[in-house]
>>> print(open('query00.cif').read())   # mmCIF, C-alpha atoms
data_target
loop_
_atom_site.label_atom_id
_atom_site.label_comp_id
_atom_site.auth_asym_id
_atom_site.auth_seq_id
_atom_site.Cartn_x
_atom_site.Cartn_y
_atom_site.Cartn_z
CA MET A 1050 -6.70 53.68 16.13
CA MET A 1051 -7.91 50.71 18.14
CA VAL A 1052 -5.62 51.67 21.04
CA ALA A 1053 -6.84 55.25 20.92
CA GLY A 1054 -10.42 54.04 20.83
CA GLY A 1055 -9.76 51.84 23.87
CA VAL A 1056 -8.37 54.79 25.80
CA ALA A 1057 -11.39 56.89 24.86
CA LEU A 1058 -13.78 54.20 26.03
CA ALA A 1059 -11.93 54.00 29.36
CA GLN A 1060 -12.64 57.66 30.11
CA PRO A 1061 -15.52 58.10 32.57
CA THR A 1062 -18.61 59.71 31.11
CA TYR A 1063 -21.52 61.43 32.80
CA SER A 1064 -24.03 58.90 31.49
CA ARG A 1065 -22.12 55.77 32.48
CA GLU A 1066 -20.25 56.52 35.74
CA ILE A 1067 -20.62 60.09 37.01
CA SER A 1068 -24.43 60.25 37.06
CA ARG A 1069 -24.52 57.13 39.23
CA ILE A 1070 -22.00 58.56 41.69
CA PHE A 1071 -23.96 61.82 41.90
CA GLN A 1072 -27.22 59.93 42.47
CA ALA A 1073 -25.70 57.91 45.31
CA LYS A 1074 -23.66 60.61 47.04
CA CYS A 1075 -24.67 64.12 45.96
CA VAL A 1076 -28.25 64.51 44.73
CA GLN A 1077 -29.80 64.19 48.19
CA CYS A 1078 -28.68 67.82 48.71
CA HIS A 1079 -27.95 68.94 45.14
CA ARG A 1080 -31.53 68.86 43.88
CA PRO A 1081 -34.06 71.63 43.24
CA GLY A 1082 -35.30 73.29 46.42
CA ASP A 1083 -32.84 71.64 48.81
CA ILE A 1084 -29.96 73.00 50.86
CA ALA A 1085 -27.31 72.97 48.11
CA PRO A 1086 -26.90 76.13 45.97
CA PHE A 1087 -27.31 74.24 42.68
CA ALA A 1088 -28.62 70.92 41.39
CA LEU A 1089 -26.64 68.04 39.86
CA THR A 1090 -29.57 66.13 38.43
CA THR A 1091 -28.80 66.54 34.71
CA PHE A 1092 -25.76 66.52 32.46
CA ASP A 1093 -26.16 70.21 31.58
CA LEU A 1094 -26.14 71.20 35.27
CA ALA A 1095 -23.26 68.90 36.19
CA SER A 1096 -21.05 69.96 33.28
CA THR A 1097 -21.67 73.64 34.01
CA TRP A 1098 -20.31 73.19 37.53
CA ALA A 1099 -17.53 70.77 36.58
CA PRO A 1100 -14.58 73.11 37.45
CA ASP A 1101 -16.10 73.88 40.85
CA ILE A 1102 -16.77 70.19 41.46
CA LYS A 1103 -13.10 69.44 40.82
CA ARG A 1104 -12.01 72.19 43.23
CA VAL A 1105 -14.23 71.21 46.18
CA ILE A 1106 -13.38 67.51 45.83
CA THR A 1107 -9.65 68.26 45.59
CA GLU A 1108 -9.83 70.51 48.67
CA GLY A 1109 -11.91 67.95 50.60
CA LEU A 1110 -14.87 70.31 51.00
CA MET A 1111 -17.39 68.04 49.31
CA PRO A 1112 -19.21 65.90 49.94
CA PRO A 1113 -19.62 67.09 53.55
CA TRP A 1114 -19.58 63.67 55.24
CA LYS A 1115 -17.90 64.56 58.52
CA PRO A 1116 -17.28 61.37 60.57
CA VAL A 1117 -13.69 60.12 60.44
CA ASP A 1118 -13.47 56.65 58.92
CA GLY A 1119 -12.97 53.92 61.51
CA HIS A 1120 -14.67 55.82 64.35
CA GLY A 1121 -18.15 54.38 64.12
CA LYS A 1122 -19.78 52.54 61.21
CA PHE A 1123 -22.85 54.38 59.95
CA VAL A 1124 -25.60 53.67 57.45
CA ASP A 1125 -26.12 55.82 54.36
CA SER A 1126 -22.61 57.29 54.26
CA PHE A 1127 -22.27 59.70 51.36
CA ALA A 1128 -18.48 59.94 51.61
CA LEU A 1129 -16.76 59.42 48.26
CA THR A 1130 -14.46 56.43 47.95
CA ALA A 1131 -10.97 57.01 46.54
CA ASP A 1132 -12.08 55.39 43.26
CA GLU A 1133 -15.19 57.60 43.02
CA LYS A 1134 -13.12 60.74 43.60
CA GLN A 1135 -10.66 59.71 40.90
CA GLN A 1136 -13.44 58.98 38.39
CA ILE A 1137 -14.95 62.43 38.93
CA LEU A 1138 -11.56 64.15 38.60
CA ASP A 1139 -10.74 62.13 35.44
CA TRP A 1140 -14.15 63.10 34.02
CA VAL A 1141 -13.59 66.81 34.63
CA ASN A 1142 -10.01 66.69 33.32
CA ALA A 1143 -11.26 64.98 30.14
CA GLY A 1144 -13.63 67.88 29.46
CA ALA A 1145 -16.71 66.45 31.23
CA PRO A 1146 -17.88 64.18 28.38
CA GLN A 1147 -21.57 63.34 28.30
CA GLY A 1148 -21.48 59.80 26.91
CA GLU A 1149 -24.40 57.89 25.44
CA GLU A 1150 -27.91 58.68 26.63
CA ALA A 1151 -28.71 54.97 26.67
CA ASP A 1152 -26.14 54.50 29.46
CA LEU A 1153 -28.00 56.80 31.88
CA PRO A 1154 -29.44 55.21 35.05
CA ALA A 1155 -33.15 55.37 35.77
CA PRO A 1156 -34.04 58.77 37.22
CA LEU A 1157 -34.49 58.96 40.96
CA GLU A 1158 -38.00 59.25 42.32
CA ASN A 1159 -38.95 62.89 42.80
CA LYS A 1160 -39.81 63.16 46.48
CA ALA A 1161 -40.16 66.94 46.41
CA ASP A 1162 -39.66 68.43 49.87
CA TRP A 1163 -39.50 65.13 51.73
CA PRO A 1164 -36.59 62.76 50.93
CA LEU A 1165 -38.24 59.97 52.97
CA GLY A 1166 -41.46 60.30 50.99
CA ASP A 1167 -44.72 61.94 52.06
CA PRO A 1168 -45.03 62.08 55.87
CA ASP A 1169 -47.80 60.21 57.66
CA LYS A 1170 -48.61 63.45 59.47
CA LEU A 1171 -47.61 66.93 58.33
CA LEU A 1172 -47.52 69.73 60.93
CA GLU A 1173 -46.64 73.37 60.42
CA MET A 1174 -46.61 76.64 62.29
CA PRO A 1175 -50.17 78.01 62.25
CA ALA A 1176 -49.02 81.30 60.68
CA PRO A 1177 -45.78 82.82 59.36
CA PHE A 1178 -43.54 84.44 61.95
CA ALA A 1179 -41.00 87.17 61.17
CA ALA A 1180 -38.24 87.32 63.78
CA PRO A 1181 -37.12 90.94 64.33
CA ARG A 1182 -33.66 92.11 63.38
CA GLY A 1183 -31.24 91.26 66.16
CA ARG A 1184 -28.81 88.66 67.35
CA ASP A 1185 -30.70 85.62 68.67
CA LEU A 1186 -34.36 84.85 69.36
CA TYR A 1187 -35.83 81.63 70.76
CA ARG A 1188 -39.51 81.16 69.91
CA CYS A 1189 -41.73 78.16 70.67
CA PHE A 1190 -44.70 77.07 68.57
CA VAL A 1191 -47.24 74.45 69.67
CA LEU A 1192 -48.16 71.78 67.13
CA ASP A 1193 -51.02 69.36 67.72
CA PRO A 1194 -50.72 65.89 66.09
CA LYS A 1195 -54.39 65.20 67.03
CA LEU A 1196 -53.82 61.53 67.67
CA GLU A 1197 -56.57 59.12 68.64
CA ASP A 1198 -54.05 56.55 69.92
CA ASP A 1199 -50.41 56.49 71.00
CA LYS A 1200 -48.00 56.16 68.09
CA PHE A 1201 -44.40 55.13 67.59
CA LEU A 1202 -42.28 57.26 65.28
CA ALA A 1203 -39.66 55.93 62.89
CA ALA A 1204 -38.48 59.45 61.98
CA VAL A 1205 -39.22 63.15 62.17
CA ASP A 1206 -38.11 65.33 59.26
CA TYR A 1207 -37.82 69.12 59.23
CA LEU A 1208 -38.43 71.72 56.55
CA PRO A 1209 -37.37 75.21 57.70
CA GLY A 1210 -39.37 77.97 56.09
CA ASN A 1211 -36.45 80.42 56.09
CA ARG A 1212 -33.10 78.64 56.04
CA LYS A 1213 -31.26 81.96 56.35
CA SER A 1214 -32.65 82.69 59.81
CA VAL A 1215 -33.42 79.26 61.34
CA HIS A 1216 -30.32 78.40 63.38
CA HIS A 1217 -31.63 75.14 64.84
CA ILE A 1218 -34.83 73.38 65.97
CA ILE A 1219 -35.57 71.26 69.05
CA LEU A 1220 -38.85 69.38 69.60
CA TYR A 1221 -40.27 68.94 73.10
CA LEU A 1222 -43.36 67.06 74.28
CA ASP A 1223 -45.93 68.69 76.57
CA GLU A 1224 -48.77 66.75 78.18
CA SER A 1225 -49.61 69.49 80.70
CA GLY A 1226 -51.35 71.90 78.31
CA GLU A 1227 -49.30 74.81 79.66
CA ALA A 1228 -47.47 75.51 76.41
CA GLU A 1229 -50.76 75.84 74.53
CA LYS A 1230 -51.88 78.52 77.02
CA LYS A 1231 -48.76 80.60 76.31
CA ASP A 1232 -48.95 80.24 72.52
CA GLY A 1233 -49.94 83.57 70.94
CA ALA A 1234 -50.50 85.36 74.28
CA ASP A 1235 -48.34 88.31 73.16
CA GLY A 1236 -50.29 88.76 69.90
CA SER A 1237 -47.83 86.91 67.65
CA PRO A 1238 -47.61 83.21 66.79
CA GLY A 1239 -45.79 81.23 69.47
CA TYR A 1240 -44.09 82.55 72.59
CA ASP A 1241 -40.54 83.44 73.66
CA CYS A 1242 -38.76 80.48 75.26
CA TYR A 1243 -35.05 81.09 75.78
CA GLY A 1244 -33.33 78.23 77.59
CA GLY A 1245 -36.01 75.58 76.97
CA PRO A 1246 -39.73 75.22 76.25
CA GLY A 1247 -40.75 77.60 79.03
CA VAL A 1248 -42.99 75.04 80.76
CA ALA A 1249 -42.39 72.14 83.15
CA LEU A 1250 -42.81 69.08 80.96
CA VAL A 1251 -42.24 66.22 83.38
CA GLY A 1252 -43.46 65.39 86.85
CA GLY A 1253 -43.73 62.52 89.28
CA SER A 1254 -41.58 60.95 91.95
CA GLY A 1255 -38.05 62.02 92.74
CA ALA A 1256 -36.70 58.90 91.06
CA GLN A 1257 -38.80 59.61 87.98
CA ASN A 1258 -37.68 63.23 87.76
CA SER A 1259 -34.06 62.18 88.18
CA LEU A 1260 -34.34 59.62 85.40
CA ASN A 1261 -36.23 62.03 83.15
CA SER A 1262 -33.38 64.50 83.57
CA LEU A 1263 -30.79 61.79 82.96
CA LEU A 1264 -32.37 60.53 79.77
CA GLY A 1265 -33.35 63.86 78.33
CA PHE A 1266 -37.04 62.95 77.96
CA ASN A 1267 -37.72 66.61 77.16
CA TYR A 1268 -35.87 65.98 73.85
CA ALA A 1269 -38.03 62.99 72.99
CA LEU A 1270 -38.39 63.87 69.30
CA GLY A 1271 -34.89 65.18 68.60
CA GLY A 1272 -33.96 68.21 66.55
CA TRP A 1273 -32.50 69.76 63.41
CA ALA A 1274 -29.44 71.85 62.56
CA PRO A 1275 -28.00 72.97 59.19
CA GLY A 1276 -26.85 70.02 57.12
CA SER A 1277 -28.94 67.45 59.00
CA ARG A 1278 -30.40 64.60 56.95
CA THR A 1279 -33.12 62.47 58.52
CA ARG A 1280 -32.83 58.67 58.62
CA LEU A 1281 -35.45 56.08 59.49
CA LEU A 1282 -34.86 54.13 62.70
CA PRO A 1283 -34.43 50.34 62.48
CA GLU A 1284 -37.79 48.63 61.95
CA ASN A 1285 -38.13 47.28 65.49
CA ILE A 1286 -37.26 50.59 67.22
CA GLY A 1287 -39.47 53.65 67.62
CA ILE A 1288 -39.94 56.86 69.61
CA LYS A 1289 -43.18 56.91 71.56
CA LEU A 1290 -45.60 59.79 70.90
CA SER A 1291 -48.45 59.88 73.40
CA LYS A 1292 -51.93 60.78 72.16
CA ARG A 1293 -52.05 63.32 75.02
CA ALA A 1294 -48.94 65.16 73.91
CA LYS A 1295 -48.59 68.41 72.05
CA ILE A 1296 -45.30 69.03 70.24
CA VAL A 1297 -43.50 72.19 71.31
CA MET A 1298 -41.22 73.28 68.47
CA GLN A 1299 -38.49 75.58 69.72
CA ILE A 1300 -36.81 77.50 66.90
CA HIS A 1301 -33.62 79.45 67.40
CA TYR A 1302 -33.65 82.39 64.98
CA PHE A 1303 -30.47 84.28 64.09
CA THR A 1304 -31.51 87.16 61.87
CA ALA A 1305 -28.19 88.65 60.79
CA LEU A 1306 -28.83 87.46 57.21
CA SER A 1307 -32.62 87.62 56.91
CA THR A 1308 -35.77 88.84 58.64
CA GLU A 1309 -38.11 87.29 56.09
CA PRO A 1310 -41.07 85.35 57.57
CA ASP A 1311 -40.61 81.72 58.52
CA GLN A 1312 -43.25 78.99 58.54
CA THR A 1313 -41.37 75.81 59.40
CA ARG A 1314 -42.97 72.39 58.82
CA ILE A 1315 -42.23 68.97 60.29
CA GLY A 1316 -43.17 65.55 58.97
CA LEU A 1317 -43.95 62.59 61.24
CA TYR A 1318 -43.25 59.07 59.99
CA TYR A 1319 -44.95 56.30 61.92
CA SER A 1320 -43.36 52.92 62.53
CA LYS A 1321 -44.84 50.44 60.06
CA LYS A 1322 -43.97 47.27 61.98
CA PRO A 1323 -44.39 46.30 65.65
CA VAL A 1324 -41.93 48.17 67.87
CA GLU A 1325 -39.91 46.00 70.26
CA LYS A 1326 -37.82 48.77 71.85
CA SER A 1327 -38.42 52.45 72.57
CA MET A 1328 -35.60 54.86 71.83
CA TYR A 1329 -34.70 57.60 74.30
CA PHE A 1330 -32.22 60.45 74.04
CA LEU A 1331 -29.23 60.49 76.37
CA PRO A 1332 -27.81 64.04 76.44
CA MET A 1333 -24.03 64.35 76.82
CA VAL A 1334 -23.58 68.01 77.76
CA GLN A 1335 -20.55 69.89 79.09
CA THR A 1336 -21.72 73.33 80.23
CA ARG A 1337 -18.56 74.38 82.09
CA LEU A 1338 -17.01 76.25 79.18
CA ALA A 1339 -14.73 79.27 79.37
CA ILE A 1340 -12.74 79.35 76.12
CA PRO A 1341 -9.86 81.82 76.52
CA ALA A 1342 -9.48 84.62 73.99
CA GLY A 1343 -6.74 83.80 71.52
CA ASP A 1344 -6.52 80.08 72.38
CA PRO A 1345 -6.36 78.04 69.11
CA SER A 1346 -6.88 74.62 70.70
CA TYR A 1347 -8.93 74.79 73.90
CA LYS A 1348 -10.30 71.39 74.93
CA ALA A 1349 -13.38 70.58 77.02
CA GLU A 1350 -14.08 67.09 78.37
CA PHE A 1351 -17.18 65.17 79.47
CA GLU A 1352 -17.69 61.77 81.10
CA PHE A 1353 -20.80 59.81 82.06
CA MET A 1354 -21.16 56.35 83.63
CA VAL A 1355 -24.04 54.09 82.58
CA PRO A 1356 -26.00 53.28 85.78
CA ILE A 1357 -26.44 49.79 87.19
CA LEU A 1358 -29.24 47.74 85.56
CA LEU A 1359 -29.56 50.23 82.68
CA ASP A 1360 -27.48 48.34 80.10
CA ALA A 1361 -28.11 50.15 76.82
CA GLN A 1362 -27.39 50.13 73.10
CA ALA A 1363 -26.57 53.25 71.07
CA ILE A 1364 -28.67 53.51 67.90
CA ASN A 1365 -27.56 56.92 66.65
CA ILE A 1366 -25.63 60.01 67.69
CA PHE A 1367 -25.99 63.75 67.04
CA PRO A 1368 -22.91 65.87 67.95
CA HIS A 1369 -23.24 69.65 68.21
CA MET A 1370 -20.97 72.70 68.62
CA HIS A 1371 -21.08 76.27 67.32
CA LEU A 1372 -18.72 78.45 65.27
CA LEU A 1373 -15.48 77.99 67.24
CA GLY A 1374 -15.72 74.20 67.23
CA ARG A 1375 -12.95 72.36 65.41
CA ASP A 1376 -13.02 68.76 66.70
CA ILE A 1377 -15.53 66.62 68.61
CA LYS A 1378 -14.82 63.03 69.60
CA THR A 1379 -16.89 60.53 71.61
CA TRP A 1380 -16.19 56.97 72.67
CA VAL A 1381 -17.08 54.46 75.37
CA ASP A 1382 -14.64 52.77 77.76
CA LEU A 1383 -16.13 49.36 78.51
CA PRO A 1384 -16.10 47.93 82.06
CA ASN A 1385 -13.83 45.15 83.35
CA GLY A 1386 -11.01 45.95 80.98
CA GLY A 1387 -13.19 45.52 77.91
CA GLY A 1388 -11.34 48.20 75.96
CA SER A 1389 -12.74 51.22 74.13
CA GLN A 1390 -15.37 51.51 71.41
CA PRO A 1391 -15.49 54.63 69.20
CA LEU A 1392 -18.83 56.40 68.84
CA VAL A 1393 -18.02 59.25 66.45
CA TRP A 1394 -15.13 61.57 65.66
CA ILE A 1395 -15.44 64.73 63.57
CA ASN A 1396 -12.02 66.32 63.18
CA ASN A 1397 -13.05 69.16 60.86
CA TRP A 1398 -16.19 70.58 62.43
CA ASP A 1399 -18.36 72.89 60.31
CA PHE A 1400 -21.49 74.35 61.87
CA ASN A 1401 -23.16 74.43 58.44
CA TRP A 1402 -22.85 70.67 58.00
CA GLN A 1403 -24.18 68.84 61.03
CA GLY A 1404 -25.90 65.51 61.17
CA SER A 1405 -27.41 62.64 63.08
CA TYR A 1406 -25.55 59.42 62.35
CA THR A 1407 -27.19 55.99 62.66
CA TYR A 1408 -24.97 53.00 63.41
CA GLU A 1409 -24.91 50.00 61.09
CA LYS A 1410 -25.12 47.86 64.25
CA PRO A 1411 -26.14 49.09 67.71
CA VAL A 1412 -23.17 49.87 69.97
CA GLU A 1413 -23.26 48.06 73.32
CA LEU A 1414 -23.26 50.31 76.40
CA PRO A 1415 -23.26 47.92 79.38
CA ALA A 1416 -23.76 49.17 82.94
CA PHE A 1417 -20.65 50.85 84.38
CA SER A 1418 -19.40 51.81 80.92
CA ARG A 1419 -17.91 55.29 80.81
CA ILE A 1420 -19.08 57.39 77.87
CA LYS A 1421 -16.54 60.11 77.12
CA MET A 1422 -16.44 63.20 74.89
CA THR A 1423 -13.91 65.88 74.05
CA CYS A 1424 -14.63 69.16 72.23
CA THR A 1425 -11.82 71.30 70.83
CA TYR A 1426 -12.20 74.98 69.91
CA ASP A 1427 -10.22 77.61 68.02
CA ASN A 1428 -10.79 81.03 69.61
CA SER A 1429 -7.87 82.70 67.86
CA ALA A 1430 -7.92 85.64 65.47
CA GLN A 1431 -6.70 83.24 62.75
CA ASN A 1432 -10.01 81.33 62.83
CA PRO A 1433 -12.04 82.81 59.92
CA ARG A 1434 -15.28 81.64 61.58
CA ASN A 1435 -14.60 83.47 64.83
CA PRO A 1436 -17.51 85.95 65.19
CA SER A 1437 -15.56 88.21 67.58
CA ASN A 1438 -12.83 90.61 66.47
CA PRO A 1439 -10.78 90.80 68.60
CA PRO A 1440 -11.45 87.41 70.20
CA LYS A 1441 -13.15 87.35 73.61
CA VAL A 1442 -13.72 84.73 76.29
CA VAL A 1443 -16.57 82.49 75.12
CA ARG A 1444 -18.76 80.52 77.52
CA TRP A 1445 -21.59 78.00 77.30
CA GLY A 1446 -24.78 79.50 75.93
CA GLU A 1447 -27.59 79.19 73.43
CA GLY A 1448 -26.62 82.21 71.35
CA THR A 1449 -24.84 81.79 68.03
CA GLU A 1450 -21.74 83.55 69.39
CA ASP A 1451 -21.75 81.38 72.54
CA GLU A 1452 -20.52 77.78 72.44
CA MET A 1453 -21.76 74.28 73.16
CA CYS A 1454 -20.22 70.85 73.73
CA VAL A 1455 -23.08 68.41 73.16
CA ALA A 1456 -23.83 64.98 71.76
CA PHE A 1457 -27.24 63.34 71.92
CA LEU A 1458 -27.15 59.55 71.96
CA GLY A 1459 -30.28 57.74 70.82
CA VAL A 1460 -30.37 54.65 73.05
CA THR A 1461 -32.52 51.63 73.83
CA PHE A 1462 -32.46 49.71 77.12
CA LYS A 1463 -32.25 45.96 77.60
CA ASN A 1464 -34.26 46.24 80.83
CA GLU A 1465 -37.02 48.38 79.34
CA ASN A 1466 -39.64 46.79 81.59
CA LEU A 1467 -37.68 47.95 84.64
CA LEU A 1468 -37.45 51.40 83.13
CA SER A 1469 -41.22 51.47 82.61
CA LEU A 1470 -41.80 50.63 86.28
CA ILE A 1471 -39.56 53.48 87.40
CA LEU A 1472 -41.32 55.95 85.09
CA ARG A 1473 -44.87 55.16 86.22
#
>>> encode(input="query00.cif", output="structure tokens")
Amino acid sequence: MMVAGGVALAQPTYSREISRIFQAKCVQCHRPGDIAPFALTTFDLASTWAPDIKRVITEGLMPPWKPVDGHGKFVDSFALTADEKQQILDWVNAGAPQGEEADLPAPLENKADWPLGDPDKLLEMPAPFAAPRGRDLYRCFVLDPKLEDDKFLAAVDYLPGNRKSVHHIILYLDESGEAEKKDGADGSPGYDCYGGPGVALVGGSGAQNSLNSLLGFNYALGGWAPGSRTRLLPENIGIKLSKRAKIVMQIHYFTALSTEPDQTRIGLYYSKKPVEKSMYFLPMVQTRLAIPAGDPSYKAEFEFMVPILLDAQAINIFPHMHLLGRDIKTWVDLPNGGGSQPLVWINNWDFNWQGSYTYEKPVELPAFSRIKMTCTYDNSAQNPRNPSNPPKVVRWGEGTEDEMCVAFLGVTFKNENLLSLILR
């Protein structure tokens, strides 16, 4: 009897082990009102879904942490360790026992719609917008932070109003006032803006324009795609938001599943401590795509050299492809025979689970480093995600059935004072 009792005590229970694993790795999505189809916040909910939990863990579908281990070290990983996977499987196989209520951990703070807590500034579309039935629509909406002084942002979070139709979101900054003039001119909220914000956002000298283009200043506040989870930047790093700027929120709608109205919101989180470095977005973009029909492993490549005097550090990275994407890998070849440093590798791409990944430690990008990226696509009839039947040649484009090969690197510069002089 004592041996049997010892074996019973060794079995994982929801109260003692499983609830803690779910809190750490699952509940950020599996909570009421979030992206997951059901919550895992109580024993009754978790035990109801126990057979499905076993299946998706066994098949490697959940949790959807995509970076391959060893190719970049990131904060807040929600990948399950081998021990955590085994405990969950043992729990399900044992009949999903509840355990003692006294063993439960303290409940997580209920942060409602905003996992980072209430934003310092909440902005939303001025009125709901219903995208018409069709394939793809790009619509821009102007949001006014109404700042009295310049601010630095530690994060921007996104809350799509209609997750079934919002394909992705990109935020631009406009200090010209031109976007505001276009907003609502056709009688509906916002204005059509395929291919960008529809206004010239930067100006100045030739050197300034060239550097603006290089650094992707038009993407100064980043963006959102399905599966994205927002992280705070390190305390001494922020994204500058000028008091003169309006935020242009470009939303890509794909209405095959829903034409219900959308009223997307964004939350701004200000830096709470003095900012020592500004973060900029370095776009890695390969637009020369022509993916042959029927090709199961077409590969596109990109390379960029860090300019002289612009030694940088990578803070985070956001890779992006569409439905045919299967594998995206980025790394940096260091100068003077310094070897290679991985940035991120996702070898099982899923458009529905994208993310921005913040490094545990900044990755050095010295001048003359070569940043490289490869994107691999499956345009065969055997790809269940292929939107074309029969397959057709697919090129670069902003439509859902087009393709992209993109990674945005959030970077800081060691010679930021030099950068400021160039940008005046």
>>> residues_around(input="query00.cif", residues="Gln1072 (chain A)", least_positions_apart="5", cutoff="12 Å", atoms="only C-alpha atoms", output="list in words")
Tyr1063, Ser1064, Arg1065, Glu1066, Ile1067, Gln1077, Cys1078, His1079, Arg1080, Ala1088, Leu1089, Thr1090, Thr1091, Ala1095, Phe1127, Leu1129, Leu1153, Pro1154, Ala1155, Pro1156, Leu1157 and Glu1158 of chain A
>>> resolve_selection(input="query00.cif", expression="the PyMOL selection byres ((chain A and resi 1272) around 9)", output="number ranges by chain")
A: 1205-1207, 1217-1220, 1268, 1270-1271, 1273-1274
>>> resolve_selection(input="query00.cif", expression="the PyMOL selection byres ((chain A and resi 1313) around 8)", output="ChimeraX atom specification")
/A:1173-1174,1207-1211,1311-1312,1314-1315
>>> atom_distance(input="query00.cif", atom1="CA of Glu1409 (chain A)", atom2="CA of Val1124 (chain A)")
5.2 Å
>>> residues_near_point(input="query00.cif", point="(-48.7, 59.7, 66.1)", cutoff="6 Å", atoms="only C-alpha atoms", output="CSV table (one decimal) with C-alpha atoms, in the coordinates of the input")
chain,number,residue,atom,x,y,z
A,1196,LEU,CA,-53.8,61.5,67.7
A,1200,LYS,CA,-48.0,56.2,68.1
A,1290,LEU,CA,-45.6,59.8,70.9
>>> resolve_selection(input="query00.cif", expression="the PyMOL selection byres ((chain A and resi 1145) around 9)", output="list in words")
Pro1061, Thr1062, Tyr1063, Ala1095, Ser1096, Ala1099, Ile1137, Asp1139, Trp1140, Val1141, Asn1142, Ala1143, Gly1144, Pro1146 and Gln1147 of chain A
>>> write_last_selection(input="query00.cif", atoms="C-alpha atoms", output="PDB file, keeping the file's coordinate frame")
ATOM      1  CA  PRO A1061     -15.520  58.100  32.570  1.00  0.00           C
ATOM      2  CA  THR A1062     -18.610  59.710  31.110  1.00  0.00           C
ATOM      3  CA  TYR A1063     -21.520  61.430  32.800  1.00  0.00           C
ATOM      4  CA  ALA A1095     -23.260  68.900  36.190  1.00  0.00           C
ATOM      5  CA  SER A1096     -21.050  69.960  33.280  1.00  0.00           C
ATOM      6  CA  ALA A1099     -17.530  70.770  36.580  1.00  0.00           C
ATOM      7  CA  ILE A1137     -14.950  62.430  38.930  1.00  0.00           C
ATOM      8  CA  ASP A1139     -10.740  62.130  35.440  1.00  0.00           C
ATOM      9  CA  TRP A1140     -14.150  63.100  34.020  1.00  0.00           C
ATOM     10  CA  VAL A1141     -13.590  66.810  34.630  1.00  0.00           C
ATOM     11  CA  ASN A1142     -10.010  66.690  33.320  1.00  0.00           C
ATOM     12  CA  ALA A1143     -11.260  64.980  30.140  1.00  0.00           C
ATOM     13  CA  GLY A1144     -13.630  67.880  29.460  1.00  0.00           C
ATOM     14  CA  PRO A1146     -17.880  64.180  28.380  1.00  0.00           C
ATOM     15  CA  GLN A1147     -21.570  63.340  28.300  1.00  0.00           C
TER      16      GLN A1147
END
>>> atom_distance(input="query00.cif", atom1="CA of Leu1373 (chain A)", atom2="CA of Leu1458 (chain A)")
22.3 Å
>>> atom_distance(input="query00.cif", atom1="CA of Ser1418 (chain A)", atom2="CA of Pro1384 (chain A)")
5.2 Å
>>> residues_around(input="query00.cif", residues="Asp1223 (chain A)", least_positions_apart="5", cutoff="8 Å", atoms="all atoms listed in the file", output="list in words")
Ala1228, Leu1250, Ala1294, Lys1295, Ile1296 and Val1297 of chain A
>>> closest_residue(input="query00.cif", among="A:Val1215, A:Ala1204, A:Ala1234, A:Val1248", to="Thr1308 (chain A)", atoms="all atoms listed in the file")
A:Val1215
>>> residues_near_point(input="query00.cif", point="(-15.8, 58.9, 75.9)", cutoff="10 Å", atoms="all atoms listed in the file", output="ChimeraX atom specification")
/A:1333,1350-1354,1378-1383,1389-1393,1418-1423
>>> residues_around(input="query00.cif", residues="Phe1400 (chain A)", least_positions_apart="4", cutoff="9 Å", atoms="all atoms listed in the file", output="ChimeraX atom specification")
/A:1274-1276,1369-1374
